[in-house]
>>> print(open('model-v4.txt').read())   # compact mmCIF, C-alpha atoms and all ligand atoms
# COMPACT_ATOMS: atom_id res chain seq x y z
CA MET A 1 12.17 -3.15 5.10
CA ILE A 2 10.20 -4.51 2.17
CA ILE A 3 6.51 -3.66 2.09
CA VAL A 4 4.50 -5.27 -0.66
CA VAL A 5 1.16 -3.61 -1.35
CA GLY A 6 -1.26 -5.89 -3.11
CA ASN A 7 -4.70 -7.31 -3.65
CA GLN A 8 -6.05 -9.45 -6.46
CA LYS A 9 -8.84 -6.91 -6.82
CA GLY A 10 -8.14 -3.82 -8.90
CA GLY A 11 -8.80 -0.25 -7.83
CA VAL A 12 -8.60 -0.78 -4.06
CA GLY A 13 -6.04 1.98 -3.54
CA LYS A 14 -2.74 0.11 -3.78
CA SER A 15 -0.97 2.82 -5.76
CA THR A 16 -2.55 5.63 -3.75
CA LEU A 17 -1.39 4.21 -0.43
CA THR A 18 2.02 3.27 -1.85
CA VAL A 19 2.92 6.78 -3.00
CA ASN A 20 1.57 8.41 0.16
CA LEU A 21 3.54 6.05 2.39
CA ALA A 22 6.65 6.69 0.30
CA VAL A 23 6.41 10.43 0.98
CA ALA A 24 5.66 9.83 4.69
CA TRP A 25 8.93 7.92 5.09
CA GLN A 26 10.84 10.29 2.83
CA GLN A 27 9.73 13.15 5.09
CA SER A 28 10.99 11.29 8.14
CA GLY A 29 14.42 11.10 6.54
CA LYS A 30 14.44 7.56 5.22
CA SER A 31 15.74 6.48 1.83
CA VAL A 32 12.81 5.16 -0.19
CA VAL A 33 12.32 3.38 -3.49
CA ILE A 34 9.05 2.29 -5.10
CA VAL A 35 9.00 -0.78 -7.33
CA GLU A 36 6.25 -0.55 -9.91
CA ALA A 37 5.58 -4.22 -10.50
CA ASP A 38 2.74 -3.84 -12.98
CA PRO A 39 3.76 -4.41 -16.61
CA SER A 40 0.94 -2.38 -18.12
CA VAL A 41 -0.07 0.25 -15.56
CA PHE A 42 1.98 3.39 -14.96
CA THR A 43 0.21 5.04 -12.02
CA VAL A 44 3.32 5.31 -9.86
CA SER A 45 5.84 6.27 -12.54
CA THR A 46 3.47 8.91 -13.91
CA TRP A 47 2.98 10.24 -10.39
CA ALA A 48 6.77 10.39 -9.91
CA ASP A 49 7.20 12.28 -13.21
CA ASP A 50 4.49 14.77 -12.21
CA ARG A 51 6.26 15.12 -8.88
CA GLU A 52 9.53 16.07 -10.51
CA GLU A 53 7.78 18.56 -12.75
CA ALA A 54 6.22 20.15 -9.67
CA SER A 55 9.73 20.40 -8.13
CA LEU A 56 8.77 18.25 -5.15
CA PRO A 57 11.45 16.06 -3.54
CA PRO A 58 11.92 13.22 -6.03
CA ILE A 59 11.13 9.61 -5.22
CA LEU A 60 12.92 6.92 -7.16
CA THR A 61 10.67 4.47 -8.92
CA VAL A 62 11.86 1.28 -10.59
CA LYS A 63 9.78 -0.68 -13.08
CA LYS A 64 10.35 -4.39 -12.52
CA THR A 65 8.12 -7.26 -13.54
CA GLY A 66 8.36 -11.03 -13.57
CA LYS A 67 10.48 -12.52 -10.82
CA LEU A 68 11.06 -9.96 -8.11
CA LYS A 69 12.51 -11.75 -5.10
CA GLU A 70 16.22 -11.18 -5.77
CA ALA A 71 15.71 -7.65 -7.08
CA LEU A 72 13.82 -6.72 -3.91
CA ARG A 73 16.48 -8.22 -1.68
CA ASN A 74 19.12 -6.19 -3.53
CA LEU A 75 17.13 -2.98 -3.19
CA ASP A 76 16.61 -3.75 0.50
CA GLN A 77 20.41 -3.56 0.92
CA GLN A 78 20.46 -0.08 -0.61
CA TYR A 79 17.27 1.57 0.68
CA GLU A 80 15.71 1.74 4.10
CA VAL A 81 12.20 1.41 2.69
CA VAL A 82 11.29 -0.64 -0.39
CA LEU A 83 7.62 -0.31 -1.39
CA VAL A 84 6.21 -2.61 -4.05
CA ASP A 85 3.04 -1.68 -5.93
CA LEU A 86 1.59 -4.89 -7.37
CA PRO A 87 -0.82 -5.43 -10.27
CA GLY A 88 -4.49 -5.80 -9.25
CA LYS A 89 -4.57 -9.54 -9.82
CA ASP A 90 -2.90 -12.71 -8.71
CA SER A 91 0.30 -12.63 -10.74
CA PRO A 92 3.87 -13.95 -10.91
CA GLU A 93 4.88 -10.55 -9.48
CA MET A 94 2.66 -11.09 -6.44
CA ARG A 95 3.97 -14.59 -5.77
CA SER A 96 7.64 -13.69 -6.10
CA ALA A 97 7.44 -10.33 -4.28
CA LEU A 98 5.84 -12.03 -1.28
CA LEU A 99 8.82 -14.37 -0.99
CA ALA A 100 10.94 -11.34 -0.05
CA ALA A 101 8.33 -9.28 1.83
CA ASP A 102 8.59 -8.22 5.45
CA LEU A 103 5.00 -7.05 5.27
CA PHE A 104 2.17 -7.79 2.89
CA LEU A 105 -0.09 -4.75 3.12
CA ILE A 106 -3.51 -5.47 1.68
CA PRO A 107 -5.79 -2.50 1.03
CA SER A 108 -9.46 -3.41 0.92
CA GLN A 109 -12.49 -1.25 0.48
CA PRO A 110 -15.27 -2.08 2.93
CA THR A 111 -17.64 -3.33 0.21
CA GLN A 112 -18.76 -6.94 0.15
CA ALA A 113 -17.09 -7.53 -3.23
CA ASP A 114 -13.75 -6.22 -1.97
CA ILE A 115 -13.98 -8.11 1.30
CA ASP A 116 -14.72 -11.36 -0.54
CA ALA A 117 -11.78 -10.80 -2.91
CA THR A 118 -9.51 -9.95 0.00
CA ILE A 119 -10.50 -13.06 1.95
CA ASN A 120 -9.64 -15.09 -1.16
CA LEU A 121 -6.02 -14.00 -0.64
CA ALA A 122 -5.79 -15.95 2.61
CA PRO A 123 -4.73 -19.27 1.00
CA ILE A 124 -2.01 -17.45 -0.96
CA VAL A 125 -0.74 -15.88 2.26
CA GLU A 126 -0.73 -19.28 3.90
CA ALA A 127 1.16 -20.87 1.00
CA VAL A 128 3.77 -18.10 0.97
CA GLY A 129 4.21 -18.54 4.72
CA GLU A 130 5.76 -21.96 4.07
CA TYR A 131 8.67 -20.24 2.29
CA ASN A 132 8.77 -16.83 3.98
CA GLU A 133 7.99 -17.55 7.60
CA ASP A 134 8.83 -14.02 8.74
CA MET A 135 6.30 -12.27 6.51
CA LYS A 136 3.59 -10.37 8.34
CA THR A 137 0.26 -9.58 6.78
CA ALA A 138 -1.94 -6.59 7.54
CA VAL A 139 -5.18 -5.43 5.95
CA VAL A 140 -5.96 -1.72 5.80
CA ILE A 141 -9.49 -0.60 5.10
CA ASN A 142 -9.43 2.12 2.45
CA ARG A 143 -12.09 4.50 1.16
CA LEU A 144 -14.25 4.19 4.24
CA THR A 145 -17.20 6.56 4.11
CA THR A 146 -16.80 9.70 6.22
CA HIS A 147 -20.42 9.41 7.43
CA ALA A 148 -19.99 9.42 11.18
CA ARG A 149 -22.51 6.71 12.00
CA SER A 150 -21.22 4.17 9.54
CA THR A 151 -20.84 0.71 11.01
CA GLU A 152 -18.93 -0.36 7.91
CA LEU A 153 -15.55 -0.42 9.64
CA ALA A 154 -16.67 -2.73 12.44
CA GLU A 155 -18.44 -5.03 10.01
CA ALA A 156 -15.53 -5.18 7.57
CA THR A 157 -13.04 -5.74 10.38
CA GLU A 158 -15.11 -8.56 11.82
CA ALA A 159 -15.32 -10.33 8.47
CA LEU A 160 -11.61 -9.89 7.66
CA GLU A 161 -10.43 -10.94 11.11
CA GLN A 162 -11.56 -14.47 10.33
CA ALA A 163 -8.93 -14.69 7.59
CA PHE A 164 -5.98 -12.45 8.55
CA GLU A 165 -3.79 -11.94 11.60
CA THR A 166 -3.95 -8.15 11.56
CA ILE A 167 -6.56 -5.63 10.49
CA LEU A 168 -5.00 -2.22 11.10
CA PRO A 169 -7.11 -0.27 13.58
CA ASP A 170 -7.14 3.03 11.68
CA ALA A 171 -8.90 3.07 8.33
CA VAL A 172 -8.22 5.48 5.50
CA HIS A 173 -11.37 7.35 4.51
CA ASP A 174 -12.68 8.29 1.11
CA ARG A 175 -11.39 11.84 0.63
CA LYS A 176 -11.07 14.01 -2.44
CA ALA A 177 -7.52 14.89 -1.38
CA PHE A 178 -6.40 11.35 -2.18
CA ARG A 179 -7.70 11.62 -5.72
CA SER A 180 -6.41 15.12 -6.47
CA SER A 181 -2.96 14.60 -4.94
CA LEU A 182 -2.39 11.42 -6.95
CA SER A 183 -2.96 13.28 -10.20
CA GLU A 184 -0.63 16.15 -9.15
CA GLY A 185 2.39 14.07 -8.19
CA LYS A 186 1.80 14.85 -4.54
CA SER A 187 1.13 13.12 -1.29
CA VAL A 188 -1.74 14.26 0.93
CA LEU A 189 1.08 15.19 3.33
CA GLU A 190 1.88 18.02 0.90
CA GLY A 191 -1.71 19.27 0.62
CA ALA A 192 -4.27 21.09 2.74
CA ASP A 193 -6.43 18.22 4.00
CA GLN A 194 -5.14 17.66 7.53
CA LYS A 195 -7.41 14.67 8.14
CA ALA A 196 -6.08 12.87 5.09
CA ALA A 197 -2.51 13.69 6.15
CA MET A 198 -3.16 12.37 9.66
CA GLU A 199 -4.51 9.11 8.24
CA ILE A 200 -1.32 8.51 6.26
CA GLN A 201 0.86 9.32 9.28
CA LYS A 202 -1.16 6.86 11.33
CA LEU A 203 -0.89 4.20 8.64
CA ALA A 204 2.90 4.64 8.48
CA HIS A 205 3.06 4.47 12.26
CA ASN A 206 0.86 1.36 12.45
CA ILE A 207 3.08 -0.37 9.89
CA GLU A 208 6.25 0.55 11.80
CA LYS A 209 4.65 -0.89 14.91
CA GLU A 210 3.77 -4.14 13.13
CA LEU A 211 7.38 -4.46 12.00
CA ASN A 212 8.96 -3.12 15.22
CA TYR A 213 10.62 -0.53 13.02
CA GLY A 214 11.28 3.18 13.05
CA SER A 215 11.74 3.85 16.74
CA ASN A 216 15.49 4.44 16.16
N1 LIG B 1 -8.85 6.95 0.26
C1 LIG B 1 -9.25 7.35 -0.97
N2 LIG B 1 -10.11 8.38 -1.10
C2 LIG B 1 -10.52 8.78 -2.32
N3 LIG B 1 -10.15 8.22 -3.47
C3 LIG B 1 -9.29 7.17 -3.41
C4 LIG B 1 -8.80 6.69 -2.17
N4 LIG B 1 -7.97 5.65 -2.43
C5 LIG B 1 -7.95 5.50 -3.77
N5 LIG B 1 -8.74 6.40 -4.37
C6 LIG B 1 -9.01 6.54 -5.81
O1 LIG B 1 -9.46 5.29 -6.31
C7 LIG B 1 -8.93 5.05 -7.60
C8 LIG B 1 -8.14 3.75 -7.57
O2 LIG B 1 -7.02 3.93 -6.71
P1 LIG B 1 -5.60 3.31 -7.06
O3 LIG B 1 -5.21 3.60 -8.46
O4 LIG B 1 -4.67 3.71 -5.99
O5 LIG B 1 -5.98 1.77 -6.90
P2 LIG B 1 -5.11 0.49 -7.31
O6 LIG B 1 -5.47 -0.57 -6.35
O7 LIG B 1 -3.69 0.86 -7.43
O8 LIG B 1 -5.71 0.16 -8.74
P3 LIG B 1 -5.11 -0.84 -9.87
O9 LIG B 1 -5.52 -2.22 -9.44
O10 LIG B 1 -5.78 -0.38 -11.12
O11 LIG B 1 -3.63 -0.67 -9.87
C9 LIG B 1 -8.08 6.26 -7.95
O12 LIG B 1 -8.86 7.14 -8.72
C10 LIG B 1 -7.76 6.89 -6.61
O13 LIG B 1 -7.58 8.27 -6.69
MG MG B 2 -2.35 0.64 -9.02
>>> encode(input="model-v4.txt", output="structure tokens", more="lines below")
Ligand SMILES: Nc1ncnc2c1ncn2[C@@H]1O[C@H](COP(=O)(O)OP(=O)(O)OP(=O)(O)O)[C@@H](O)[C@H]1O
Ligand SMILES: [Mg+2]
Amino acid sequence: MIIVVGNQKGGVGKSTLTVNLAVAWQQSGKSVVIVEADPSVFTVSTWADDREEASLPPILTVKKTGKLKEALRNLDQQYEVVLVDLPGKDSPEMRSALLAADLFLIPSQPTQADIDATINLAPIVEAVGEYNEDMKTAVVINRLTTHARSTELAEATEALEQAFETILPDAVHDRKAFRSSLSEGKSVLEGADQKAAMEIQKLAHNIEKELNYGSN
């Protein structure tokens, strides 16, 4: 399966969710590759290098920019899970990766600026749908405040539902573990924060459900 993680807004957590999902599927025994589709940003490849230095199970990362469709289809023949980490802007990489995607996973923080930027992706999703009819789209709310009474999730979901078929029901919260693990070459699944780990497991599970995948 090809999962393309993108948003035209920077800093929404694309790379963070990509590497954590990669480890989740690696731990469940799947072969995984991450395509780092950003020409100038090295978040994922640096993370993978740190990971090797920490002697954690390695995850293959491939740097590929420009036209991605054929490269992704080839990787999809060789790996069970292909994750694509896109640049934080509308780009040739975004357009071509979506032509091969099974799922477009859009992280969005629950701020008004992020929600507006995310909703602006809807016409792109619609245009891609003309060529890749099978692509599903799902928004995941990231960096939700852990304050129990926050109504942010309901409000963000309501706004995003107008524009996208699926808003995943379980948000990822703002947790220090996501920041520290990224800089150590780890996933939160390899750290002490059980809540963070549970959120990534749920996200992986929700994605598998969207794609009818993983029950084998
Ligand atoms: N759930 C979270 N909790 C806490 N910090 C987070 C969370 N998600 C992301 N971050 C932090 O937010 C920052 C941006 O995250 P990340 O690099 O994953 O975003 P991005 O969308 O890939 O950005 P870019 O557009 O620059 O590629 C990082 O410092 C990361 O550690
Ligand atoms: Mg990134």
>>> residues_around(input="model-v4.txt", residues="A:Asp174", least_positions_apart="2", cutoff="6 Å", atoms="all atoms listed in the file", output="ChimeraX atom specification")
/A:143-145
>>> closest_atom_pairs(input="model-v4.txt", of="chain A", to="ligand LIG 1 (chain B)", cutoff="8 Å", atoms="all atoms listed in the file", output="Markdown table")
| residue | atom | partner | partner_atom | distance |
| --- | --- | --- | --- | --- |
| A:Gly6 | CA | B:LIG1 | O6 | 7.5 |
| A:Asn7 | CA | B:LIG1 | O6 | 7.3 |
| A:Gln8 | CA | B:LIG1 | O9 | 7.8 |
| A:Lys9 | CA | B:LIG1 | O9 | 6.3 |
| A:Gly10 | CA | B:LIG1 | O9 | 3.1 |
| A:Gly11 | CA | B:LIG1 | O8 | 3.2 |
| A:Val12 | CA | B:LIG1 | O6 | 3.9 |
| A:Gly13 | CA | B:LIG1 | O4 | 3.3 |
| A:Lys14 | CA | B:LIG1 | O6 | 3.8 |
| A:Ser15 | CA | B:LIG1 | O7 | 3.7 |
| A:Thr16 | CA | B:LIG1 | O4 | 3.6 |
| A:Leu17 | CA | B:LIG1 | O4 | 6.5 |
| A:Thr18 | CA | B:LIG1 | O4 | 7.9 |
| A:Asp38 | CA | B:LIG1 | O11 | 7.8 |
| A:Val41 | CA | B:LIG1 | O11 | 6.8 |
| A:Thr43 | CA | B:LIG1 | O3 | 6.6 |
| A:Asp85 | CA | B:LIG1 | O7 | 7.3 |
| A:Leu86 | CA | B:LIG1 | O11 | 7.2 |
| A:Pro87 | CA | B:LIG1 | O11 | 5.5 |
| A:Gly88 | CA | B:LIG1 | O9 | 3.7 |
| A:Lys89 | CA | B:LIG1 | O9 | 7.4 |
| A:Pro107 | CA | B:LIG1 | O6 | 7.6 |
| A:Asn142 | CA | B:LIG1 | N1 | 5.3 |
| A:Arg143 | CA | B:LIG1 | N1 | 4.2 |
| A:Leu144 | CA | B:LIG1 | N1 | 7.3 |
| A:Val172 | CA | B:LIG1 | N1 | 5.5 |
| A:His173 | CA | B:LIG1 | N1 | 5.0 |
| A:Asp174 | CA | B:LIG1 | N2 | 3.4 |
| A:Arg175 | CA | B:LIG1 | N2 | 4.1 |
| A:Lys176 | CA | B:LIG1 | C2 | 5.3 |
| A:Ala177 | CA | B:LIG1 | C2 | 6.9 |
| A:Phe178 | CA | B:LIG1 | C2 | 4.9 |
| A:Arg179 | CA | B:LIG1 | O13 | 3.5 |
| A:Ser180 | CA | B:LIG1 | O13 | 7.0 |
| A:Leu182 | CA | B:LIG1 | O13 | 6.1 |
| A:Ser183 | CA | B:LIG1 | O13 | 7.7 |
>>> residues_around(input="model-v4.txt", residues="A:Leu189", least_positions_apart="6", cutoff="12 Å", atoms="all atoms listed in the file", output="ChimeraX atom specification")
/A:17,19-28,56,177-178,181-182,195-202,204
>>> write_last_selection(input="model-v4.txt", atoms="C-alpha atoms", output="PDB file, in the coordinates of the input")
ATOM      1  CA  LEU A  17      -1.390   4.210  -0.430  1.00  0.00           C
ATOM      2  CA  VAL A  19       2.920   6.780  -3.000  1.00  0.00           C
ATOM      3  CA  ASN A  20       1.570   8.410   0.160  1.00  0.00           C
ATOM      4  CA  LEU A  21       3.540   6.050   2.390  1.00  0.00           C
ATOM      5  CA  ALA A  22       6.650   6.690   0.300  1.00  0.00           C
ATOM      6  CA  VAL A  23       6.410  10.430   0.980  1.00  0.00           C
ATOM      7  CA  ALA A  24       5.660   9.830   4.690  1.00  0.00           C
ATOM      8  CA  TRP A  25       8.930   7.920   5.090  1.00  0.00           C
ATOM      9  CA  GLN A  26      10.840  10.290   2.830  1.00  0.00           C
ATOM     10  CA  GLN A  27       9.730  13.150   5.090  1.00  0.00           C
ATOM     11  CA  SER A  28      10.990  11.290   8.140  1.00  0.00           C
ATOM     12  CA  LEU A  56       8.770  18.250  -5.150  1.00  0.00           C
ATOM     13  CA  ALA A 177      -7.520  14.890  -1.380  1.00  0.00           C
ATOM     14  CA  PHE A 178      -6.400  11.350  -2.180  1.00  0.00           C
ATOM     15  CA  SER A 181      -2.960  14.600  -4.940  1.00  0.00           C
ATOM     16  CA  LEU A 182      -2.390  11.420  -6.950  1.00  0.00           C
ATOM     17  CA  LYS A 195      -7.410  14.670   8.140  1.00  0.00           C
ATOM     18  CA  ALA A 196      -6.080  12.870   5.090  1.00  0.00           C
ATOM     19  CA  ALA A 197      -2.510  13.690   6.150  1.00  0.00           C
ATOM     20  CA  MET A 198      -3.160  12.370   9.660  1.00  0.00           C
ATOM     21  CA  GLU A 199      -4.510   9.110   8.240  1.00  0.00           C
ATOM     22  CA  ILE A 200      -1.320   8.510   6.260  1.00  0.00           C
ATOM     23  CA  GLN A 201       0.860   9.320   9.280  1.00  0.00           C
ATOM     24  CA  LYS A 202      -1.160   6.860  11.330  1.00  0.00           C
ATOM     25  CA  ALA A 204       2.900   4.640   8.480  1.00  0.00           C
TER      26      ALA A 204
END
>>> closest_residue(input="model-v4.txt", among="A:Gln109, A:Asn206, A:Gln77, A:Asn132", to="A:Arg95", atoms="all atoms listed in the file")
A:Asn132
>>> closest_residue(input="model-v4.txt", among="A:Ile167, A:Leu203, A:Val81, A:Ile106", to="A:Leu153", atoms="only C-alpha atoms")
A:Ile167
>>> closest_residue(input="model-v4.txt", among="A:Val44, A:Val35, A:Ala127, A:Ala163", to="ligand MG 2 (chain B)", atoms="only C-alpha atoms and all ligand atoms")
A:Val44
>>> atom_distance(input="model-v4.txt", atom1="atom CA of A:Pro92", atom2="atom CA of A:Val139")
20.9 Å
>>> atom_distance(input="model-v4.txt", atom1="atom CA of A:Asp102", atom2="atom CA of A:Ala159")
24.2 Å
>>> closest_residue(input="model-v4.txt", among="A:Val33, A:Asn74, A:Thr111, A:Thr46", to="ligand MG 2 (chain B)", atoms="all atoms listed in the file")
A:Thr46
>>> closest_residue(input="model-v4.txt", among="A:Ser40, A:Gln162, A:Thr61, A:Ser31", to="ligand MG 2 (chain B)", atoms="all atoms listed in the file")
A:Ser40
>>> atom_distance(input="model-v4.txt", atom1="atom CA of A:Val140", atom2="atom CA of A:Thr157")
9.3 Å
>>> residues_around(input="model-v4.txt", residues="A:Ile124", least_positions_apart="2", cutoff="12 Å", atoms="only C-alpha atoms", output="ChimeraX atom specification")
/A:6-8,90-91,94-96,98-99,104,117-122,126-132,137,163-164
>>> closest_residue(input="model-v4.txt", among="A:Gly29, A:Val84, A:Gly66, A:Ala156", to="ligand MG 2 (chain B)", atoms="all atoms listed in the file")
A:Val84
>>> axis_aligned_box(input="model-v4.txt", around="stretch 86-90 of chain A", padding_each_side="5 Å", output="lines of an AutoDock Vina configuration file")
center_x = -1.5
center_y = -8.8
center_z = -8.8
size_x = 16.2
size_y = 17.8
size_z = 12.9
>>> residues_around(input="model-v4.txt", residues="A:Glu80", least_positions_apart="2", cutoff="9 Å", atoms="all atoms listed in the file", output="PyMOL selection string")
chain A and resi 1-2+30-33+75-78+82
>>> build_atoms(input="model-v4.txt", residues="stretch 139-165 of chain A", atoms="N, CA and C atoms", output="compact mmCIF listing (two decimals), keeping the file's coordinate frame")
# COMPACT_ATOMS: atom_id res chain seq x y z
N VAL A 139 -4.17 -6.02 6.82
CA VAL A 139 -5.18 -5.43 5.95
C VAL A 139 -5.45 -4.01 6.42
N VAL A 140 -5.53 -3.09 5.46
CA VAL A 140 -5.96 -1.72 5.80
C VAL A 140 -7.23 -1.42 5.03
N ILE A 141 -8.24 -0.99 5.75
CA ILE A 141 -9.49 -0.60 5.10
C ILE A 141 -9.30 0.77 4.47
N ASN A 142 -9.59 0.86 3.18
CA ASN A 142 -9.43 2.12 2.45
C ASN A 142 -10.78 2.57 1.91
N ARG A 143 -10.89 3.87 1.72
CA ARG A 143 -12.09 4.50 1.16
C ARG A 143 -13.33 4.26 2.03
N LEU A 144 -13.11 4.28 3.32
CA LEU A 144 -14.25 4.19 4.24
C LEU A 144 -15.06 5.48 4.14
N THR A 145 -16.37 5.36 4.19
CA THR A 145 -17.20 6.56 4.11
C THR A 145 -16.95 7.46 5.33
N THR A 146 -17.01 8.76 5.11
CA THR A 146 -16.80 9.70 6.22
C THR A 146 -18.09 9.94 7.01
N HIS A 147 -19.17 9.26 6.66
CA HIS A 147 -20.42 9.41 7.43
C HIS A 147 -20.20 8.86 8.84
N ALA A 148 -20.40 9.72 9.81
CA ALA A 148 -19.99 9.42 11.18
C ALA A 148 -20.61 8.13 11.73
N ARG A 149 -21.83 7.84 11.35
CA ARG A 149 -22.51 6.71 12.00
C ARG A 149 -22.26 5.38 11.31
N SER A 150 -21.43 5.40 10.30
CA SER A 150 -21.22 4.17 9.54
C SER A 150 -20.72 3.04 10.43
N THR A 151 -21.33 1.89 10.28
CA THR A 151 -20.84 0.71 11.01
C THR A 151 -19.97 -0.15 10.10
N GLU A 152 -19.67 0.40 8.92
CA GLU A 152 -18.93 -0.36 7.91
C GLU A 152 -17.59 -0.87 8.41
N LEU A 153 -16.89 -0.03 9.19
CA LEU A 153 -15.55 -0.42 9.64
C LEU A 153 -15.63 -1.65 10.55
N ALA A 154 -16.55 -1.60 11.51
CA ALA A 154 -16.67 -2.73 12.44
C ALA A 154 -17.06 -4.00 11.70
N GLU A 155 -17.98 -3.86 10.75
CA GLU A 155 -18.44 -5.03 10.01
C GLU A 155 -17.33 -5.61 9.13
N ALA A 156 -16.62 -4.72 8.44
CA ALA A 156 -15.53 -5.18 7.57
C ALA A 156 -14.43 -5.83 8.40
N THR A 157 -14.11 -5.20 9.52
CA THR A 157 -13.04 -5.74 10.38
C THR A 157 -13.42 -7.13 10.88
N GLU A 158 -14.67 -7.27 11.30
CA GLU A 158 -15.11 -8.56 11.82
C GLU A 158 -14.99 -9.66 10.75
N ALA A 159 -15.39 -9.34 9.54
CA ALA A 159 -15.32 -10.33 8.47
C ALA A 159 -13.86 -10.68 8.13
N LEU A 160 -13.00 -9.66 8.09
CA LEU A 160 -11.61 -9.89 7.66
C LEU A 160 -10.77 -10.56 8.75
N GLU A 161 -11.17 -10.34 9.99
CA GLU A 161 -10.43 -10.94 11.11
C GLU A 161 -10.45 -12.47 11.08
N GLN A 162 -11.48 -13.01 10.43
CA GLN A 162 -11.56 -14.47 10.33
C GLN A 162 -10.40 -15.02 9.48
N ALA A 163 -9.90 -14.18 8.58
CA ALA A 163 -8.93 -14.69 7.59
C ALA A 163 -7.51 -14.18 7.77
N PHE A 164 -7.31 -13.06 8.48
CA PHE A 164 -5.98 -12.45 8.55
C PHE A 164 -5.59 -12.11 9.98
N GLU A 165 -4.26 -12.17 10.24
CA GLU A 165 -3.79 -11.94 11.60
C GLU A 165 -4.00 -10.50 12.06
